[in-house]
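Remarks on the structure that follows.
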Amino acid sequence: MSHYYASLRPYLVPALWTIIIACIVGEFLFYRLALTIHRTHAKTLRRPKRDQHDKTVLAVVLGSGGHTAEMMRLLKGVDPSRYSHRIYLISSGDTLSELKALQLEKSFLPSAFPSSATSTPSPPFEIHRIPRARRVLQSYWTSPFTTIQCFAFCLWLVWIRPMWGGKRCRGGFADVVLMNGPGSCVPVAFAAFLPRILNLPSPSLIYIESLARTKRLSLSAKILRKLVDRFFVQWESLRQELVKKEKKGRKWKWDADVECEGWLV
């Protein structure tokens with residue numbers, strides 16, 4: 001038995017140091033995450049300042065069905081000359097959302113392209129397809145693997161690719177990411193928020209809860225309220241109910257303030 005332990009001794013010290021370093025790095029990242037969330041909601045995190053007339057890159061996360069319909073009604077009020085480049089993030093296989101995005105861009109064409117242009121410019125929008133975190137009727141045993149694949153793709157698209165391929169705006173991937181509740185917006189929001197932990201540029205995150213949510217928040221809203229810069233609901237009664245539940249006097253602020261501007265869609 002003593003010979004067995006003696007044979008393991010050369011491996012014990014490196015393993016112990018690996019555990020210690022992993023614990024230190026984990027504690028540091030957790031502290032940075034908590035501090036970044038607090039600074040985001042306490043309005044002490046410095047964000048890039050933009051002039052009212054600056055051109056902006058807008059990224060939009062489209063879900064399926066009702067989420068896409070609400071987002072399309074919301075985007076009809078967007079000024080395409082100000083939001084000069086649009087990025088649509090769509091779940092793989094969601095042909096309806098892609099069709100709706102193309103129809104919206106066609107309605108923007110007269111104001112998006114100058115009539116005096118002698119040649120047709122490249123379209124001022126992109127469509128990216130995100131792998132689904134979980135497919136319909138997919139086994140729960142295999143869901144973690146597809147979820148990791150989805151998050152890895154979002155991390156590459158939102159953070160790594162702009163860093164290596166050149167930034168198109170001050171936020172890296174986009175200036176603003178607009179979301180309204182589909183499950184696919186969760187990995188996108190996490191991937192966009194992570195650079196802040198390292199004090200790297202990241203887009204502003206805006207979440208608008210679905211009009212159908214009149215009494216309680218969706219699961220996506222509960223998760224992303226801790227990450228987004230602006231958080232909107234469309235019912236004043238829901239806003240008041242959420243404000244009542246907030247604990248007053250806390251030194252650390254973990255959730256975005258709830259705002260309500262009435263029906264936005």
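The chains in the structure tokens are called A, B, ... from first to last as shown; in each chain the residues are counted from 1, and the ligands are counted from 1 in the order shown.
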Q: Pick out the residues sitting within 7 Å of region 58-74 of chain A, and hand them over as a list in words; count only C-alpha atoms, and ignore anything fewer than 2 positions along from it in its own chain.
A: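 Near region 58-74 of chain A, the qualifying residues are Thr56, Lys76, Gly77, Tyr83, His85, Arg86, Ile87, Tyr88, Leu89, Ile90, Asp94, Ser97, Ala174, Asp175, Val176, Val177, Leu178, Met179, Asn180, Gly181, Pro182, Ser184, Cys185, Leu264 and Val265 of chain A.
For Glu259 (chain A), the residues within 7 Å (counting only C-alpha atoms, excluding itself and residues fewer than 5 positions away along the chain) are Phe231, Phe232, Val233 and Arg239 of chain A.
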Q: Within 12 Å of Arg196 (chain A), counting only C-alpha atoms, which residues show up once you throw out same-chain ones fewer than 6 positions away? Write them as a ChimeraX atom specification, please.
A: /A:29,32-40,45-47,159,171-172,189-190,202-205,227-228
Could those residues be written to a file, using C-alpha atoms, as a compact mmCIF listing (two decimals), in the first residue's frame?
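Dumped everything to out-v8.txt:
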# COMPACT_ATOMS: atom_id res chain seq x y z
CA LEU A 29 -14.61 35.46 -12.28
CA ARG A 32 -16.14 40.17 -11.56
CA LEU A 33 -19.53 38.85 -12.70
CA ALA A 34 -21.28 40.07 -9.54
CA LEU A 35 -19.53 43.45 -9.71
CA THR A 36 -20.36 43.90 -13.40
CA ILE A 37 -24.04 43.07 -12.84
CA HIS A 38 -24.21 45.54 -9.95
CA ARG A 39 -22.43 48.30 -11.89
CA THR A 40 -24.71 47.74 -14.90
CA LEU A 45 -20.68 51.06 -15.64
CA ARG A 46 -19.31 53.36 -18.32
CA ARG A 47 -21.03 52.82 -21.64
CA TRP A 159 -17.66 38.16 -29.19
CA GLY A 171 -19.99 47.69 -29.23
CA GLY A 172 -18.04 45.18 -31.33
CA ALA A 189 -27.50 37.88 -24.14
CA PHE A 190 -24.96 35.87 -22.12
CA SER A 202 -20.09 45.05 -25.60
CA PRO A 203 -23.47 46.07 -27.03
CA SER A 204 -26.26 47.60 -24.98
CA LEU A 205 -28.93 45.02 -24.18
CA LEU A 227 -28.01 41.14 -17.57
CA VAL A 228 -29.82 43.72 -19.67
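Pairwise distance (CA of Lys226 (chain A), CA of Arg135 (chain A)) equals 26.0 Å.
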Q: Can you work out which one of A:Met163, A:Leu109, A:Val258, A:Gly183 has the shortest atom-to-atom distance to Ile206 (chain A), counting only C-alpha atoms?
A: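 Ranking A:Met163, A:Leu109, A:Val258, A:Gly183 by distance to Ile206 (chain A), first place goes to A:Val258.
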Q | Selected residue, from A:Leu102, A:Leu238, A:Ile148, A:Ile21, that lies nearest to Ala212 (chain A) when counting only C-alpha atoms | A | A:Leu238
From a backbone DSSP assignment, name each residue in region 39-259 of chain A labelled helix (DSSP H, G or I), as an mmCIF file with N, CA, C and O atoms, in the first residue's frame.
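Saved to out.cif:
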data_model
loop_
_atom_site.group_PDB
_atom_site.id
_atom_site.type_symbol
_atom_site.label_atom_id
_atom_site.label_comp_id
_atom_site.auth_asym_id
_atom_site.auth_seq_id
_atom_site.Cartn_x
_atom_site.Cartn_y
_atom_site.Cartn_z
ATOM 1 N N ARG A 39 -22.782 47.023 -11.252
ATOM 2 C CA ARG A 39 -22.432 48.297 -11.889
ATOM 3 C C ARG A 39 -23.346 48.591 -13.074
ATOM 4 O O ARG A 39 -23.653 49.751 -13.358
ATOM 5 N N THR A 40 -23.799 47.540 -13.769
ATOM 6 C CA THR A 40 -24.714 47.739 -14.896
ATOM 7 C C THR A 40 -26.032 48.338 -14.422
ATOM 8 O O THR A 40 -26.549 49.293 -15.019
ATOM 9 N N HIS A 41 -26.582 47.819 -13.326
ATOM 10 C CA HIS A 41 -27.889 48.276 -12.863
ATOM 11 C C HIS A 41 -27.800 49.491 -11.950
ATOM 12 O O HIS A 41 -28.784 50.211 -11.787
ATOM 13 N N GLY A 66 -45.505 34.133 -32.210
ATOM 14 C CA GLY A 66 -45.913 35.408 -31.626
ATOM 15 C C GLY A 66 -44.770 36.342 -31.324
ATOM 16 O O GLY A 66 -44.911 37.563 -31.458
ATOM 17 N N HIS A 67 -43.618 35.821 -30.913
ATOM 18 C CA HIS A 67 -42.470 36.679 -30.623
ATOM 19 C C HIS A 67 -42.024 37.439 -31.869
ATOM 20 O O HIS A 67 -41.739 38.637 -31.818
ATOM 21 N N THR A 68 -41.968 36.740 -33.000
ATOM 22 C CA THR A 68 -41.570 37.399 -34.246
ATOM 23 C C THR A 68 -42.608 38.419 -34.675
ATOM 24 O O THR A 68 -42.262 39.522 -35.118
ATOM 25 N N ALA A 69 -43.888 38.087 -34.539
ATOM 26 C CA ALA A 69 -44.950 39.024 -34.933
ATOM 27 C C ALA A 69 -44.859 40.312 -34.121
ATOM 28 O O ALA A 69 -44.982 41.421 -34.666
ATOM 29 N N GLU A 70 -44.646 40.196 -32.806
ATOM 30 C CA GLU A 70 -44.524 41.394 -31.965
ATOM 31 C C GLU A 70 -43.282 42.202 -32.350
ATOM 32 O O GLU A 70 -43.328 43.431 -32.396
ATOM 33 N N MET A 71 -42.165 41.520 -32.597
ATOM 34 C CA MET A 71 -40.938 42.233 -32.940
ATOM 35 C C MET A 71 -41.079 42.959 -34.276
ATOM 36 O O MET A 71 -40.573 44.075 -34.446
ATOM 37 N N MET A 72 -41.772 42.366 -35.237
ATOM 38 C CA MET A 72 -41.961 43.021 -36.523
ATOM 39 C C MET A 72 -42.781 44.302 -36.365
ATOM 40 O O MET A 72 -42.474 45.325 -36.990
ATOM 41 N N ARG A 73 -43.811 44.264 -35.521
ATOM 42 C CA ARG A 73 -44.597 45.477 -35.285
ATOM 43 C C ARG A 73 -43.751 46.543 -34.592
ATOM 44 O O ARG A 73 -43.901 47.738 -34.855
ATOM 45 N N LEU A 74 -42.870 46.110 -33.725
ATOM 46 C CA LEU A 74 -41.995 47.053 -33.024
ATOM 47 C C LEU A 74 -40.991 47.680 -33.981
ATOM 48 O O LEU A 74 -40.721 48.887 -33.915
ATOM 49 N N LEU A 75 -40.452 46.896 -34.901
ATOM 50 C CA LEU A 75 -39.398 47.379 -35.804
ATOM 51 C C LEU A 75 -39.938 48.277 -36.908
ATOM 52 O O LEU A 75 -39.149 48.962 -37.577
ATOM 53 N N THR A 95 -37.943 29.343 -40.841
ATOM 54 C CA THR A 95 -38.090 30.010 -42.132
ATOM 55 C C THR A 95 -39.081 31.169 -42.068
ATOM 56 O O THR A 95 -38.951 32.138 -42.822
ATOM 57 N N LEU A 96 -40.065 31.087 -41.172
ATOM 58 C CA LEU A 96 -41.067 32.156 -41.067
ATOM 59 C C LEU A 96 -40.415 33.464 -40.619
ATOM 60 O O LEU A 96 -40.675 34.527 -41.197
ATOM 61 N N SER A 97 -39.569 33.407 -39.591
ATOM 62 C CA SER A 97 -38.911 34.626 -39.103
ATOM 63 C C SER A 97 -37.993 35.214 -40.173
ATOM 64 O O SER A 97 -37.902 36.431 -40.314
ATOM 65 N N GLU A 98 -37.316 34.354 -40.908
ATOM 66 C CA GLU A 98 -36.447 34.850 -41.981
ATOM 67 C C GLU A 98 -37.266 35.557 -43.049
ATOM 68 O O GLU A 98 -36.873 36.628 -43.551
ATOM 69 N N LEU A 99 -38.409 34.991 -43.411
ATOM 70 C CA LEU A 99 -39.285 35.613 -44.403
ATOM 71 C C LEU A 99 -39.779 36.966 -43.918
ATOM 72 O O LEU A 99 -39.797 37.950 -44.673
ATOM 73 N N LYS A 100 -40.180 37.059 -42.640
ATOM 74 C CA LYS A 100 -40.658 38.319 -42.077
ATOM 75 C C LYS A 100 -39.549 39.377 -42.061
ATOM 76 O O LYS A 100 -39.797 40.557 -42.329
ATOM 77 N N ALA A 101 -38.330 38.968 -41.762
ATOM 78 C CA ALA A 101 -37.211 39.911 -41.749
ATOM 79 C C ALA A 101 -36.943 40.449 -43.154
ATOM 80 O O ALA A 101 -36.699 41.654 -43.339
ATOM 81 N N LEU A 102 -37.015 39.589 -44.161
ATOM 82 C CA LEU A 102 -36.798 40.024 -45.539
ATOM 83 C C LEU A 102 -37.903 40.973 -45.999
ATOM 84 O O LEU A 102 -37.648 41.955 -46.702
ATOM 85 N N GLN A 103 -39.140 40.690 -45.605
ATOM 86 C CA GLN A 103 -40.248 41.575 -45.953
ATOM 87 C C GLN A 103 -40.078 42.947 -45.309
ATOM 88 O O GLN A 103 -40.346 43.983 -45.933
ATOM 89 N N LEU A 104 -39.618 42.960 -44.071
ATOM 90 C CA LEU A 104 -39.383 44.236 -43.388
ATOM 91 C C LEU A 104 -38.294 45.029 -44.084
ATOM 92 O O LEU A 104 -38.420 46.246 -44.277
ATOM 93 N N GLU A 105 -37.223 44.355 -44.473
ATOM 94 C CA GLU A 105 -36.128 45.051 -45.145
ATOM 95 C C GLU A 105 -36.557 45.601 -46.499
ATOM 96 O O GLU A 105 -36.093 46.671 -46.914
ATOM 97 N N LYS A 106 -37.449 44.923 -47.183
ATOM 98 C CA LYS A 106 -37.958 45.437 -48.453
ATOM 99 C C LYS A 106 -38.743 46.730 -48.237
ATOM 100 O O LYS A 106 -38.701 47.630 -49.080
ATOM 101 N N SER A 107 -39.445 46.825 -47.101
ATOM 102 C CA SER A 107 -40.177 48.056 -46.809
ATOM 103 C C SER A 107 -39.228 49.201 -46.458
ATOM 104 O O SER A 107 -39.592 50.372 -46.576
ATOM 105 N N PHE A 108 -38.001 48.865 -46.028
ATOM 106 C CA PHE A 108 -37.010 49.884 -45.698
ATOM 107 C C PHE A 108 -36.253 50.363 -46.928
ATOM 108 O O PHE A 108 -35.580 51.395 -46.876
ATOM 109 N N LEU A 109 -36.354 49.662 -48.048
ATOM 110 C CA LEU A 109 -35.497 49.932 -49.199
ATOM 111 C C LEU A 109 -35.528 51.373 -49.682
ATOM 112 O O LEU A 109 -34.485 51.961 -49.932
ATOM 113 N N PRO A 110 -36.697 52.029 -49.840
ATOM 114 C CA PRO A 110 -36.682 53.408 -50.347
ATOM 115 C C PRO A 110 -35.871 54.361 -49.491
ATOM 116 O O PRO A 110 -35.196 55.253 -50.007
ATOM 117 N N SER A 111 -35.914 54.207 -48.154
ATOM 118 C CA SER A 111 -35.177 55.122 -47.286
ATOM 119 C C SER A 111 -33.781 54.605 -46.975
ATOM 120 O O SER A 111 -32.914 55.372 -46.572
ATOM 121 N N ALA A 112 -33.578 53.307 -47.166
ATOM 122 C CA ALA A 112 -32.267 52.750 -46.842
ATOM 123 C C ALA A 112 -31.263 52.987 -47.953
ATOM 124 O O ALA A 112 -30.070 53.128 -47.702
ATOM 125 N N SER A 143 -30.015 17.212 -24.516
ATOM 126 C CA SER A 143 -30.202 18.667 -24.546
ATOM 127 C C SER A 143 -28.970 19.453 -24.076
ATOM 128 O O SER A 143 -28.648 20.491 -24.656
ATOM 129 N N PRO A 144 -28.262 19.005 -23.024
ATOM 130 C CA PRO A 144 -27.082 19.775 -22.597
ATOM 131 C C PRO A 144 -26.044 19.938 -23.700
ATOM 132 O O PRO A 144 -25.390 20.986 -23.786
ATOM 133 N N PHE A 145 -25.886 18.932 -24.569
ATOM 134 C CA PHE A 145 -24.880 19.011 -25.631
ATOM 135 C C PHE A 145 -25.282 20.037 -26.692
ATOM 136 O O PHE A 145 -24.448 20.826 -27.161
ATOM 137 N N THR A 146 -26.566 20.062 -27.072
ATOM 138 C CA THR A 146 -27.012 21.042 -28.063
ATOM 139 C C THR A 146 -27.041 22.452 -27.466
ATOM 140 O O THR A 146 -26.810 23.433 -28.170
ATOM 141 N N THR A 147 -27.300 22.546 -26.150
ATOM 142 C CA THR A 147 -27.259 23.856 -25.495
ATOM 143 C C THR A 147 -25.844 24.422 -25.502
ATOM 144 O O THR A 147 -25.637 25.611 -25.774
ATOM 145 N N ILE A 148 -24.862 23.577 -25.206
ATOM 146 C CA ILE A 148 -23.461 24.010 -25.242
ATOM 147 C C ILE A 148 -23.067 24.416 -26.657
ATOM 148 O O ILE A 148 -22.373 25.424 -26.866
ATOM 149 N N GLN A 149 -23.517 23.664 -27.652
ATOM 150 C CA GLN A 149 -23.227 24.007 -29.046
ATOM 151 C C GLN A 149 -23.816 25.368 -29.408
ATOM 152 O O GLN A 149 -23.169 26.186 -30.060
ATOM 153 N N CYS A 150 -25.053 25.625 -28.964
ATOM 154 C CA CYS A 150 -25.715 26.896 -29.235
ATOM 155 C C CYS A 150 -24.957 28.053 -28.596
ATOM 156 O O CYS A 150 -24.706 29.076 -29.235
ATOM 157 N N PHE A 151 -24.573 27.885 -27.320
ATOM 158 C CA PHE A 151 -23.858 28.953 -26.628
ATOM 159 C C PHE A 151 -22.491 29.199 -27.250
ATOM 160 O O PHE A 151 -22.059 30.354 -27.380
ATOM 161 N N ALA A 152 -21.790 28.127 -27.642
ATOM 162 C CA ALA A 152 -20.475 28.281 -28.270
ATOM 163 C C ALA A 152 -20.589 29.064 -29.581
ATOM 164 O O ALA A 152 -19.749 29.925 -29.877
ATOM 165 N N PHE A 153 -21.638 28.792 -30.359
ATOM 166 C CA PHE A 153 -21.820 29.531 -31.616
ATOM 167 C C PHE A 153 -22.105 31.002 -31.342
ATOM 168 O O PHE A 153 -21.566 31.891 -32.011
ATOM 169 N N CYS A 154 -22.976 31.282 -30.353
ATOM 170 C CA CYS A 154 -23.292 32.676 -30.008
ATOM 171 C C CYS A 154 -22.040 33.400 -29.517
ATOM 172 O O CYS A 154 -21.833 34.576 -29.826
ATOM 173 N N LEU A 155 -21.214 32.706 -28.747
ATOM 174 C CA LEU A 155 -19.982 33.301 -28.242
ATOM 175 C C LEU A 155 -19.056 33.659 -29.392
ATOM 176 O O LEU A 155 -18.446 34.734 -29.411
ATOM 177 N N TRP A 156 -18.964 32.769 -30.360
ATOM 178 C CA TRP A 156 -18.119 33.053 -31.535
ATOM 179 C C TRP A 156 -18.695 34.215 -32.347
ATOM 180 O O TRP A 156 -17.953 35.115 -32.766
ATOM 181 N N LEU A 157 -19.998 34.225 -32.572
ATOM 182 C CA LEU A 157 -20.622 35.234 -33.419
ATOM 183 C C LEU A 157 -20.593 36.618 -32.777
ATOM 184 O O LEU A 157 -20.293 37.624 -33.442
ATOM 185 N N VAL A 158 -20.908 36.691 -31.482
ATOM 186 C CA VAL A 158 -21.100 37.977 -30.810
ATOM 187 C C VAL A 158 -19.794 38.547 -30.263
ATOM 188 O O VAL A 158 -19.629 39.763 -30.200
ATOM 189 N N TRP A 159 -18.857 37.691 -29.892
ATOM 190 C CA TRP A 159 -17.661 38.163 -29.193
ATOM 191 C C TRP A 159 -16.380 37.891 -29.971
ATOM 192 O O TRP A 159 -15.626 38.817 -30.306
ATOM 193 N N ILE A 160 -16.129 36.618 -30.319
ATOM 194 C CA ILE A 160 -14.830 36.243 -30.891
ATOM 195 C C ILE A 160 -14.677 36.752 -32.317
ATOM 196 O O ILE A 160 -13.635 37.326 -32.677
ATOM 197 N N ARG A 161 -15.686 36.566 -33.155
ATOM 198 C CA ARG A 161 -15.551 36.984 -34.555
ATOM 199 C C ARG A 161 -15.328 38.477 -34.711
ATOM 200 O O ARG A 161 -14.440 38.892 -35.464
ATOM 201 N N PRO A 162 -16.094 39.350 -34.012
ATOM 202 C CA PRO A 162 -15.804 40.795 -34.129
ATOM 203 C C PRO A 162 -14.414 41.165 -33.612
ATOM 204 O O PRO A 162 -13.785 42.099 -34.122
ATOM 205 N N MET A 163 -13.919 40.449 -32.597
ATOM 206 C CA MET A 163 -12.619 40.763 -32.030
ATOM 207 C C MET A 163 -11.496 40.453 -33.009
ATOM 208 O O MET A 163 -10.529 41.205 -33.131
ATOM 209 N N TRP A 164 -11.636 39.355 -33.757
ATOM 210 C CA TRP A 164 -10.591 38.964 -34.695
ATOM 211 C C TRP A 164 -10.823 39.519 -36.101
ATOM 212 O O TRP A 164 -9.867 39.751 -36.842
ATOM 213 N N GLY A 165 -12.085 39.715 -36.459
ATOM 214 C CA GLY A 165 -12.376 40.134 -37.822
ATOM 215 C C GLY A 165 -12.537 41.624 -38.003
ATOM 216 O O GLY A 165 -12.841 42.094 -39.093
ATOM 217 N N CYS A 185 -32.848 34.018 -27.178
ATOM 218 C CA CYS A 185 -32.198 35.266 -26.786
ATOM 219 C C CYS A 185 -31.323 35.094 -25.542
ATOM 220 O O CYS A 185 -30.460 35.934 -25.275
ATOM 221 N N VAL A 186 -31.517 34.009 -24.782
ATOM 222 C CA VAL A 186 -30.732 33.806 -23.561
ATOM 223 C C VAL A 186 -29.256 33.583 -23.867
ATOM 224 O O VAL A 186 -28.399 34.290 -23.315
ATOM 225 N N PRO A 187 -28.874 32.637 -24.743
ATOM 226 C CA PRO A 187 -27.441 32.496 -25.045
ATOM 227 C C PRO A 187 -26.857 33.717 -25.730
ATOM 228 O O PRO A 187 -25.680 34.044 -25.528
ATOM 229 N N VAL A 188 -27.645 34.419 -26.536
ATOM 230 C CA VAL A 188 -27.158 35.631 -27.186
ATOM 231 C C VAL A 188 -26.830 36.692 -26.151
ATOM 232 O O VAL A 188 -25.770 37.347 -26.203
ATOM 233 N N ALA A 189 -27.722 36.875 -25.176
ATOM 234 C CA ALA A 189 -27.505 37.881 -24.135
ATOM 235 C C ALA A 189 -26.285 37.543 -23.280
ATOM 236 O O ALA A 189 -25.482 38.422 -22.947
ATOM 237 N N PHE A 190 -26.123 36.268 -22.915
ATOM 238 C CA PHE A 190 -24.959 35.874 -22.124
ATOM 239 C C PHE A 190 -23.671 36.119 -22.902
ATOM 240 O O PHE A 190 -22.678 36.607 -22.348
ATOM 241 N N ALA A 191 -23.672 35.768 -24.190
ATOM 242 C CA ALA A 191 -22.470 35.971 -25.011
ATOM 243 C C ALA A 191 -22.148 37.455 -25.169
ATOM 244 O O ALA A 191 -20.974 37.838 -25.209
ATOM 245 N N ALA A 192 -23.174 38.310 -25.236
ATOM 246 C CA ALA A 192 -22.948 39.751 -25.368
ATOM 247 C C ALA A 192 -22.529 40.388 -24.051
ATOM 248 O O ALA A 192 -21.847 41.417 -24.037
ATOM 249 N N PHE A 193 -22.937 39.785 -22.928
ATOM 250 C CA PHE A 193 -22.629 40.349 -21.617
ATOM 251 C C PHE A 193 -21.232 39.968 -21.135
ATOM 252 O O PHE A 193 -20.580 40.748 -20.419
ATOM 253 N N LEU A 194 -20.739 38.799 -21.505
ATOM 254 C CA LEU A 194 -19.466 38.300 -20.998
ATOM 255 C C LEU A 194 -18.281 39.245 -21.197
ATOM 256 O O LEU A 194 -17.439 39.365 -20.302
ATOM 257 N N PRO A 195 -18.142 39.934 -22.345
ATOM 258 C CA PRO A 195 -16.995 40.846 -22.494
ATOM 259 C C PRO A 195 -16.920 41.929 -21.424
ATOM 260 O O PRO A 195 -15.827 42.416 -21.122
ATOM 261 N N ARG A 196 -18.050 42.296 -20.836
ATOM 262 C CA ARG A 196 -18.034 43.339 -19.802
ATOM 263 C C ARG A 196 -17.248 42.896 -18.576
ATOM 264 O O ARG A 196 -16.673 43.734 -17.871
ATOM 265 N N ILE A 197 -17.235 41.596 -18.314
ATOM 266 C CA ILE A 197 -16.499 41.100 -17.154
ATOM 267 C C ILE A 197 -15.016 41.424 -17.289
ATOM 268 O O ILE A 197 -14.329 41.658 -16.289
ATOM 269 N N LEU A 219 -39.831 32.997 -18.244
ATOM 270 C CA LEU A 219 -38.564 32.485 -17.730
ATOM 271 C C LEU A 219 -37.395 33.244 -18.339
ATOM 272 O O LEU A 219 -36.422 33.571 -17.638
ATOM 273 N N SER A 220 -37.469 33.562 -19.635
ATOM 274 C CA SER A 220 -36.400 34.334 -20.277
ATOM 275 C C SER A 220 -36.237 35.695 -19.619
ATOM 276 O O SER A 220 -35.117 36.161 -19.388
ATOM 277 N N ALA A 221 -37.355 36.339 -19.297
ATOM 278 C CA ALA A 221 -37.299 37.658 -18.662
ATOM 279 C C ALA A 221 -36.665 37.581 -17.281
ATOM 280 O O ALA A 221 -35.870 38.446 -16.898
ATOM 281 N N LYS A 222 -37.030 36.548 -16.498
ATOM 282 C CA LYS A 222 -36.465 36.401 -15.161
ATOM 283 C C LYS A 222 -34.948 36.224 -15.214
ATOM 284 O O LYS A 222 -34.219 36.737 -14.363
ATOM 285 N N ILE A 223 -34.472 35.493 -16.215
ATOM 286 C CA ILE A 223 -33.030 35.267 -16.349
ATOM 287 C C ILE A 223 -32.324 36.523 -16.830
ATOM 288 O O ILE A 223 -31.308 36.950 -16.258
ATOM 289 N N LEU A 224 -32.863 37.150 -17.870
ATOM 290 C CA LEU A 224 -32.145 38.240 -18.528
ATOM 291 C C LEU A 224 -32.289 39.580 -17.824
ATOM 292 O O LEU A 224 -31.538 40.509 -18.128
ATOM 293 N N GLU A 236 -48.707 48.293 -16.992
ATOM 294 C CA GLU A 236 -48.343 49.040 -15.796
ATOM 295 C C GLU A 236 -48.631 48.234 -14.536
ATOM 296 O O GLU A 236 -47.880 48.320 -13.547
ATOM 297 N N SER A 237 -49.669 47.434 -14.552
ATOM 298 C CA SER A 237 -49.991 46.608 -13.383
ATOM 299 C C SER A 237 -48.869 45.605 -13.107
ATOM 300 O O SER A 237 -48.535 45.339 -11.937
ATOM 301 N N LEU A 238 -48.268 45.065 -14.148
ATOM 302 C CA LEU A 238 -47.156 44.131 -13.973
ATOM 303 C C LEU A 238 -45.935 44.859 -13.433
ATOM 304 O O LEU A 238 -45.234 44.347 -12.554
ATOM 305 N N ARG A 239 -45.673 46.060 -13.927
ATOM 306 C CA ARG A 239 -44.536 46.832 -13.429
ATOM 307 C C ARG A 239 -44.693 47.126 -11.933
ATOM 308 O O ARG A 239 -43.745 46.968 -11.150
ATOM 309 N N GLN A 240 -45.896 47.544 -11.546
ATOM 310 C CA GLN A 240 -46.137 47.851 -10.137
ATOM 311 C C GLN A 240 -45.978 46.613 -9.266
ATOM 312 O O GLN A 240 -45.450 46.693 -8.150
ATOM 313 N N GLU A 241 -46.415 45.475 -9.758
ATOM 314 C CA GLU A 241 -46.290 44.234 -8.988
ATOM 315 C C GLU A 241 -44.821 43.856 -8.800
ATOM 316 O O GLU A 241 -44.417 43.418 -7.718
ATOM 317 N N LEU A 242 -44.015 44.047 -9.833
ATOM 318 C CA LEU A 242 -42.592 43.723 -9.734
ATOM 319 C C LEU A 242 -41.863 44.696 -8.813
ATOM 320 O O LEU A 242 -40.959 44.301 -8.067
ATOM 321 N N VAL A 243 -42.256 45.967 -8.852
ATOM 322 C CA VAL A 243 -41.631 46.966 -7.982
ATOM 323 C C VAL A 243 -41.922 46.654 -6.523
ATOM 324 O O VAL A 243 -41.063 46.823 -5.649
ATOM 325 N N LYS A 244 -43.136 46.169 -6.220
ATOM 326 C CA LYS A 244 -43.495 45.842 -4.842
ATOM 327 C C LYS A 244 -42.614 44.725 -4.283
ATOM 328 O O LYS A 244 -42.309 44.693 -3.085
ATOM 329 N N LYS A 245 -42.215 43.800 -5.151
ATOM 330 C CA LYS A 245 -41.437 42.643 -4.712
ATOM 331 C C LYS A 245 -39.961 42.975 -4.509
ATOM 332 O O LYS A 245 -39.229 42.153 -3.948
#
Q) Hey, which of A:Asp229, A:Pro80, A:Lys251, A:Leu12 ends up closest to Tyr207 (chain A)? Count only C-alpha atoms. A) A:Asp229
Q) Can you list, as a list in words, every protein, DNA or RNA residue that comes within 10 Å of Asp54 (chain A) when you count only C-alpha atoms, leaving out same-chain residues fewer than 6 positions away? A)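 Listed by chain and then number, they are Ser81, Arg82, Tyr83 and Ser84 of chain A.
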Just the selected residues (N, CA, C and O atoms), exported as a tab-separated table (two decimals), in the first residue's frame, please.
chain	number	residue	atom	x	y	z
A	81	SER	N	-32.43	55.00	-41.51
A	81	SER	CA	-31.28	55.87	-41.78
A	81	SER	C	-30.40	56.03	-40.56
A	81	SER	O	-29.20	56.26	-40.66
A	82	ARG	N	-31.00	55.91	-39.35
A	82	ARG	CA	-30.20	55.97	-38.13
A	82	ARG	C	-29.65	54.59	-37.77
A	82	ARG	O	-28.47	54.45	-37.46
A	83	TYR	N	-30.52	53.59	-37.77
A	83	TYR	CA	-30.06	52.22	-37.56
A	83	TYR	C	-29.65	51.67	-38.92
A	83	TYR	O	-30.36	50.89	-39.54
A	84	SER	N	-28.49	52.11	-39.37
A	84	SER	CA	-28.08	51.93	-40.75
A	84	SER	C	-27.73	50.50	-41.10
A	84	SER	O	-27.66	50.14	-42.28
Q: State, in Å with one decimal place, the distance from CA of His128 (chain A) to CA of Glu209 (chain A).
A: 22.7 Å
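Separating CA of Lys55 (chain A) from CA of Pro123 (chain A) is a distance of 15.7 Å.
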